[in-house]
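A.B. asks: I'd like to ask some things about the structure below.
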Amino acid sequence: MPSRIEHGKSVWGPGFWAPFSACGVILVLAVPILNLWVPQSSAAALPDYLVPLLGKYLCYALLALSLDLIWGYAGILSLGHGAFFALGGYCMGMYLMRQIGTRGVYGNPLLPDFMVFLNWRELPWFWWGFDHFAWAAAMIALVPGLLALVFGWLAFRSRVTGVYLSIITQAMTYALMLAYFRNDMGFGGNNGMTDYKDILGWDVHESSTRLGLYVASVVALGLGYLMCRYITNSKLGRLLLALRDAESRVRFLGYSVTNTKLFVFTVSAVLAGIAGALYVPQVGIINPSEFSPANSIEIAIWVSIGGRGTLIGPIVGAILVNLGKTWLTGAAPETWLFVLGALFVLSTLAFPKGIIGSIRQIRWVRSRPSVALSAREQA
Amino acid sequence: MGLRKLHFAQIHGLSGDAVTDPNLRTESTLSRIAGECADPGSRSWGRRVRVYLVRSMLIALVTWATVATARADEFSTLVNALGSGSFADKEQAIVALGKLGDPRAISVLTALRDGHLEKAPDGQIINAEGAKSINAITGTEISKAAEPGQRIRVNNRLRGLIDGALGALTLFSPDPAARLAAAQDALRYPSADQAALLERALALEQDPGIRAAMEQSLVAARLVSGSKEERLAAARALGATTDPQVKSLLDQVRAAPDVDPDVRRAADAALTSIGNRLWLVGLAANLFQGISLGSILLLAAIGLAITFGVMGVINMAHGEMIMLGAYTAFVCQQFFRAFLPPGWIDLYLVLAVPVAFLCTGLVGVALERSVIRFLYGRPLETLLATWGVSLILQQAVRSIFGSPNKEVSNPSWMTGGFDPIGGFTITWNRLVIIFFCFVVLGGLALILNRTSFGLHMRAVTQNRAMAAAMAIRTARVDALTFGLGSGIAGMAGVALSQIGNVSPNLGTVYIVDSFLVVVFGGVGNLMGTLVGALSLGIVNKFLEPVAGAILGKIVVLVAIILFIQRRPRGLFALKGRTVEAGA
């Protein structure tokens, strides 16, 4: 297929790699330099507290990216993506809890503090192995991935689409939230897990560790972006676009819609889980409110603001919206929900293509595959 | 009387009719002592006789009180005995007053305990508890004597006895609630004494409810302390109750090591019967609570059945419409409190329902005209935009009314409840809501099927282009339909304000549930919504005792998710080309 090769050239050519590497280098270098080598008194200096905040935005960006992969390209609007994010976060939180060792309030060598508090005698089986980072890292990918695989298989096999899928994904995260709020689940109940000490032997409160986590977030986001770009520009990506716009026709052409959707849904869930795992050590807590349906639906607005089906848009959207949230909830807390609500309404009514989508439309870059929303796109 | 008899015994040295006389012990002892002391060789004969005489007179004074209980003027004698100088006498009098069962004794004993009972110089007992002094026996007011009365002293032991006596006396209290509480309380410590007291109280009691409680406690007391026949009869009678206390009592009886095998068999039979009955009561209670929960879900979901089910609009602000309705009820209540006579406050709900319908209906029409009409055919965008609207509405209400819960009180005709079969209470507010919910559902069905507006609505839903060609103003029908759905959500809010907190977050609690009800029951189908809501409510309530409230809810959620896998588009599935057109 000559056309595909042509697209491949333009997609992975120097026109992509130059700005991509530039962005990466700036993100990786600028923050440590501004934080460590610029004197604290200087106006350009980056205070310590901002480093984890920036890292948090990058985790949100990765989460938004994962949602764009399924919503922008496959038309699956998951309103439960926060659940995968939180599950990844809980896996990381469990590892971090095990690293506390005897330094907890009760100093129990076997059990985390909240289990001692609940008079538990021994570690539940699902906590086994979380002493080791390798196990935790595997779980960070496996737990959200498996949930997505099972849930997606059930849903896509029975052709649950559109709004119905959104509602059941919302019900899923709601059910998980209720479950994690229970103390006897063994995940810290409504207090969640906090008071971390070490990650991989480094103190989580050290600024160097925080810089390390920040850089890890940049790298994860970069790799995630590359992977999504690879997927969406492959033949599979074409298939995704096709089934987004006309699912029945794709099925009639002999493709397995279920497997295609399932693959991309699972990949997206794993990405969200990794984002959650990087998020937890930087904010220092994970609790069940991360599962709340409102959080998940907020992810959709980041994607929508940035421009869905653009990959770069959700990253921009997540960072911009959260910058605005940080600033507004500090400056005028009661206005934030008004602004967020207005963003939801305006971005759907007046601005359906989002920031990046609109820019691309104006520039009318013909060399890129037309991933922007087609007129026929409805779900 | 007793004194005279004792004196007689002293003189004659014999016991007479002592077998039935409470003074039996005293008299026989005395005669024995008298015999001993008759030894002429003893030097202190005269002194010892004197000592025994004094002591026996004291004892006689005490026992006198006991003997007197059968007399008509026993109350006054006992109260007078309270004024005695000896604590032992007072003790006897207090116990006797407790057993006497005269309601007048309550105030006297309370006054005694609190140190307000006085003995006037002329010997009468005065209750100085209130502002005025009254004669403790006759209850008549008396002028303050020139010489103040002497306070009758009590010690801790007496206070304990007074409390015990008061506990028994509550059975005769003039306050029906206190009598009922005492009758139920008696069930906990059944004894022969209790049985006697209860028999006396039953003879005086008029109220059928209290009589029933007293009879039950009496039967329980007989079960513990009666003869074999009484115990058998009591066990049979107790088999017809559902009280868990009776159950534990029967358990005790059958577990006792020395129990008669017949009684044990009767207790076993009674326990089985109670178990069956409790199971039935539990079933009925779960069923009622399930229907109640179902009616709440149904109310929350009916509006959505219109906006989502009929129009296909995913209105995430639906929960906020419910919330607005609840706040309308709050505002109506405040209006009634501030501007109308206090007697009218019970009517505020009657006003709140139509006002809430209009207010939220208008908000709905405005929402449809300004946002939703641009998004028809794009359900996911509608979802996001209406979610934004819901955030704005929540924050607006929070800015106006503040974050804390608002207090919306039940009108008096919705408070309280009744107990139909014993064991669980049907509260009026829940019952009214169930009724209201069916009225709303019926009204809506009438509008949809019997009015021209309903006809237009169905026409637009089924074939918009053809309806427009028939000169139906589809845009107007859209707006009104959305307004109707929102208005019903507002009425649901008024109902929900009667059983839960009114806060800006009220709607978020119901939004996931209402969507699940609509999807589960079948989109665009009122009957499906009804069946869906009721079955979800009942299943939820039956799961709760087994799995716990939260786990039960999770199980239901998972079950619905699985159900949607089976019927991807709910029970009511569009077929053929309309699937593609609608998606």
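If you're wondering about the labels, chains in the structure tokens are A, B, ... by order shown, residues count from 1 in each chain, ligands from 1 in order shown.
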Tell me the residues of chain B close to chain A, meaning within 7 Å using only C-alpha atoms, as a list in words.
C.D. replies: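 Matching residues, ligands excluded from the count: Gly377, Arg378, Pro379, Leu380, Glu381, Leu384, Ala385, Gly388, Val389, Leu391, Ile392, Gln395, Val512, Ile550, Ile554, Leu557, Ile561, Gln565, Arg566, Pro568 and Ala583 of chain B.
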A.B. asks: Based on the selection just made, write C-alpha atoms of those residues as a compact mmCIF listing (two decimals), in the first residue's frame.
C.D. replies:
# COMPACT_ATOMS: atom_id res chain seq x y z
CA GLY B 377 -27.71 13.43 17.66
CA ARG B 378 -24.44 13.85 19.55
CA PRO B 379 -25.16 12.01 22.80
CA LEU B 380 -21.61 12.02 24.14
CA GLU B 381 -21.30 15.77 23.72
CA LEU B 384 -20.39 16.40 28.73
CA ALA B 385 -22.27 19.67 28.28
CA GLY B 388 -20.96 21.10 32.92
CA VAL B 389 -24.42 22.51 33.56
CA LEU B 391 -21.48 21.65 38.02
CA ILE B 392 -22.69 25.20 37.48
CA GLN B 395 -22.02 25.71 42.63
CA VAL B 512 -25.84 6.96 38.65
CA ILE B 550 -22.31 -1.12 50.63
CA ILE B 554 -21.86 -3.11 44.70
CA LEU B 557 -24.18 -2.48 40.31
CA ILE B 561 -23.38 -4.11 34.35
CA GLN B 565 -24.02 -7.15 28.53
CA ARG B 566 -26.96 -9.47 27.97
CA PRO B 568 -26.96 -4.08 25.46
CA ALA B 583 -26.38 6.01 17.98
A.B. asks: Tell me, as a ChimeraX atom specification, which residues lie within 7 Å of segment 305-315 of chain B, counting only C-alpha atoms; anything in the same chain fewer than 5 positions away does not count.
C.D. replies: /B:379,382-383,386,461,482,485,518,523-526
A.B. asks: Keeping C-alpha atoms for every residue in the selection just given, could you write it to a file as a PDB file, in the first residue's frame?
C.D. replies:
ATOM      1  CA  PRO B 379     -25.159  12.012  22.800  1.00  0.00           C
ATOM      2  CA  THR B 382     -24.693  16.198  25.347  1.00  0.00           C
ATOM      3  CA  LEU B 383     -23.423  14.158  28.253  1.00  0.00           C
ATOM      4  CA  THR B 386     -25.023  18.730  30.724  1.00  0.00           C
ATOM      5  CA  THR B 461     -39.846  10.835  18.957  1.00  0.00           C
ATOM      6  CA  PHE B 482     -37.556  18.379  28.353  1.00  0.00           C
ATOM      7  CA  GLY B 485     -38.969  15.607  32.478  1.00  0.00           C
ATOM      8  CA  VAL B 518     -33.719   3.616  33.140  1.00  0.00           C
ATOM      9  CA  VAL B 523     -35.330   2.954  27.610  1.00  0.00           C
ATOM     10  CA  GLY B 524     -38.451   4.799  26.547  1.00  0.00           C
ATOM     11  CA  ASN B 525     -40.769   2.556  28.468  1.00  0.00           C
ATOM     12  CA  LEU B 526     -42.515   3.774  31.637  1.00  0.00           C
TER      13      LEU B 526
END
A.B. asks: Rounded to one decimal in Å, what is the spacing between atom CA of Asp262 of chain B and atom CA of Gln245 of chain B?
C.D. replies: 21.8 Å
A.B. asks: Could you give me the residues within segment 159-264 of chain B that DSSP places in helix (DSSP H, G or I), as JSON, numbers by chain?
C.D. replies: {"B": [159, 160, 161, 162, 163, 164, 165, 166, 167, 168, 169, 170, 171, 172, 176, 177, 178, 179, 180, 181, 182, 183, 184, 185, 192, 193, 194, 195, 196, 197, 198, 199, 200, 201, 202, 203, 204, 208, 209, 210, 211, 212, 213, 214, 215, 216, 217, 218, 219, 220, 221, 222, 223, 224, 225, 228, 229, 230, 231, 232, 233, 234, 235, 236, 237, 238, 244, 245, 246, 247, 248, 249, 250, 251, 252, 253, 254, 255, 261, 262, 263, 264]}
A.B. asks: Using backbone DSSP assignments, extract all strand (DSSP E or B) residues from segment 412-528 of chain B; output them as a list in words.
C.D. replies: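 Here are the strand (DSSP E or B) residues of segment 412-528 of chain B: Gly417, Phe418, Ile426, Thr427 and Val502 of chain B.
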A.B. asks: Produce a file of the selected residues containing N, CA and C atoms, as an mmCIF file, in the first residue's frame.
C.D. replies:
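Result saved to again_5.cif:
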data_model
loop_
_atom_site.group_PDB
_atom_site.id
_atom_site.type_symbol
_atom_site.label_atom_id
_atom_site.label_comp_id
_atom_site.auth_asym_id
_atom_site.auth_seq_id
_atom_site.Cartn_x
_atom_site.Cartn_y
_atom_site.Cartn_z
ATOM 1 N N GLY B 417 -45.509 6.837 62.493
ATOM 2 C CA GLY B 417 -45.788 5.670 61.678
ATOM 3 C C GLY B 417 -46.704 4.730 62.433
ATOM 4 N N PHE B 418 -46.932 3.568 61.900
ATOM 5 C CA PHE B 418 -47.743 2.585 62.612
ATOM 6 C C PHE B 418 -47.152 1.209 62.388
ATOM 7 N N ILE B 426 -44.096 1.010 59.781
ATOM 8 C CA ILE B 426 -44.259 1.684 58.500
ATOM 9 C C ILE B 426 -44.366 3.170 58.800
ATOM 10 N N THR B 427 -43.407 3.946 58.320
ATOM 11 C CA THR B 427 -43.452 5.383 58.622
ATOM 12 C C THR B 427 -44.306 6.086 57.575
ATOM 13 N N VAL B 502 -30.932 17.804 52.535
ATOM 14 C CA VAL B 502 -31.003 18.698 51.400
ATOM 15 C C VAL B 502 -29.675 19.440 51.341
#
A.B. asks: Quick one: everything within 12 Å of segment 28-40 of chain A, counting only C-alpha atoms, minus sequence neighbours fewer than 2 positions away in the same chain. Send it as number ranges by chain.
C.D. replies: A: 21-26, 42-55, 58, 207-222
A.B. asks: Can you pull out the residues contacting Leu161 of chain B? Cut-off 10 Å, using only C-alpha atoms, and skip same-chain residues under 5 positions away; I want them as a ChimeraX atom specification.
C.D. replies: /B:91-92,94-95,98,109,113,156,166-167
A.B. asks: Could you list, as a list in words, every residue within 7 Å of Ala220 of chain B, counting only C-alpha atoms and ignoring same-chain residues fewer than 2 positions away?
C.D. replies: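 Once the adjacent positions are removed, what remains is Leu187, Pro190, Gln216, Ser217, Leu218, Arg222, Leu223, Val224 and Ala234 of chain B.
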A.B. asks: Could you write out that same residue set with C-alpha atoms as a JSON list (two decimals), in the first residue's frame?
C.D. replies:
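Just written: again.json:
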[["chain", "number", "residue", "atom", "x", "y", "z"],
["B", 187, "LEU", "CA", -40.47, -8.00, 80.29],
["B", 190, "PRO", "CA", -39.78, -11.27, 84.95],
["B", 216, "GLN", "CA", -47.24, -9.99, 77.50],
["B", 217, "SER", "CA", -45.00, -9.07, 80.42],
["B", 218, "LEU", "CA", -47.37, -10.87, 82.79],
["B", 222, "ARG", "CA", -45.62, -16.48, 84.74],
["B", 223, "LEU", "CA", -43.38, -18.39, 82.39],
["B", 224, "VAL", "CA", -40.53, -17.83, 84.79],
["B", 234, "ALA", "CA", -47.44, -18.99, 79.12]]
A.B. asks: Can you list, as a count of residues only, every protein, DNA or RNA residue that comes within 10 Å of segment 125-128 of chain B when you count only C-alpha atoms, leaving out same-chain residues fewer than 6 positions away?
C.D. replies: 31
A.B. asks: In Å, how far is it from atom CA of Met323 of chain B to atom CA of Gly290 of chain B?
C.D. replies: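 Result for atom CA of Met323 of chain B versus atom CA of Gly290 of chain B: 22.8 Å, one decimal.
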A.B. asks: Got a sec: who's within 12 Å of Thr272 of chain B, counting only C-alpha atoms, leaving out chain neighbours fewer than 4 positions off, as a list in words?
C.D. replies: Ala235, Arg236, Leu238, Gly239, Ala240, Thr241, Thr242, Lys247, Leu250, Asp251, Arg265, Ala266, Ala267, Asp268, Asn276, Arg277, Leu278 and Trp279 of chain B
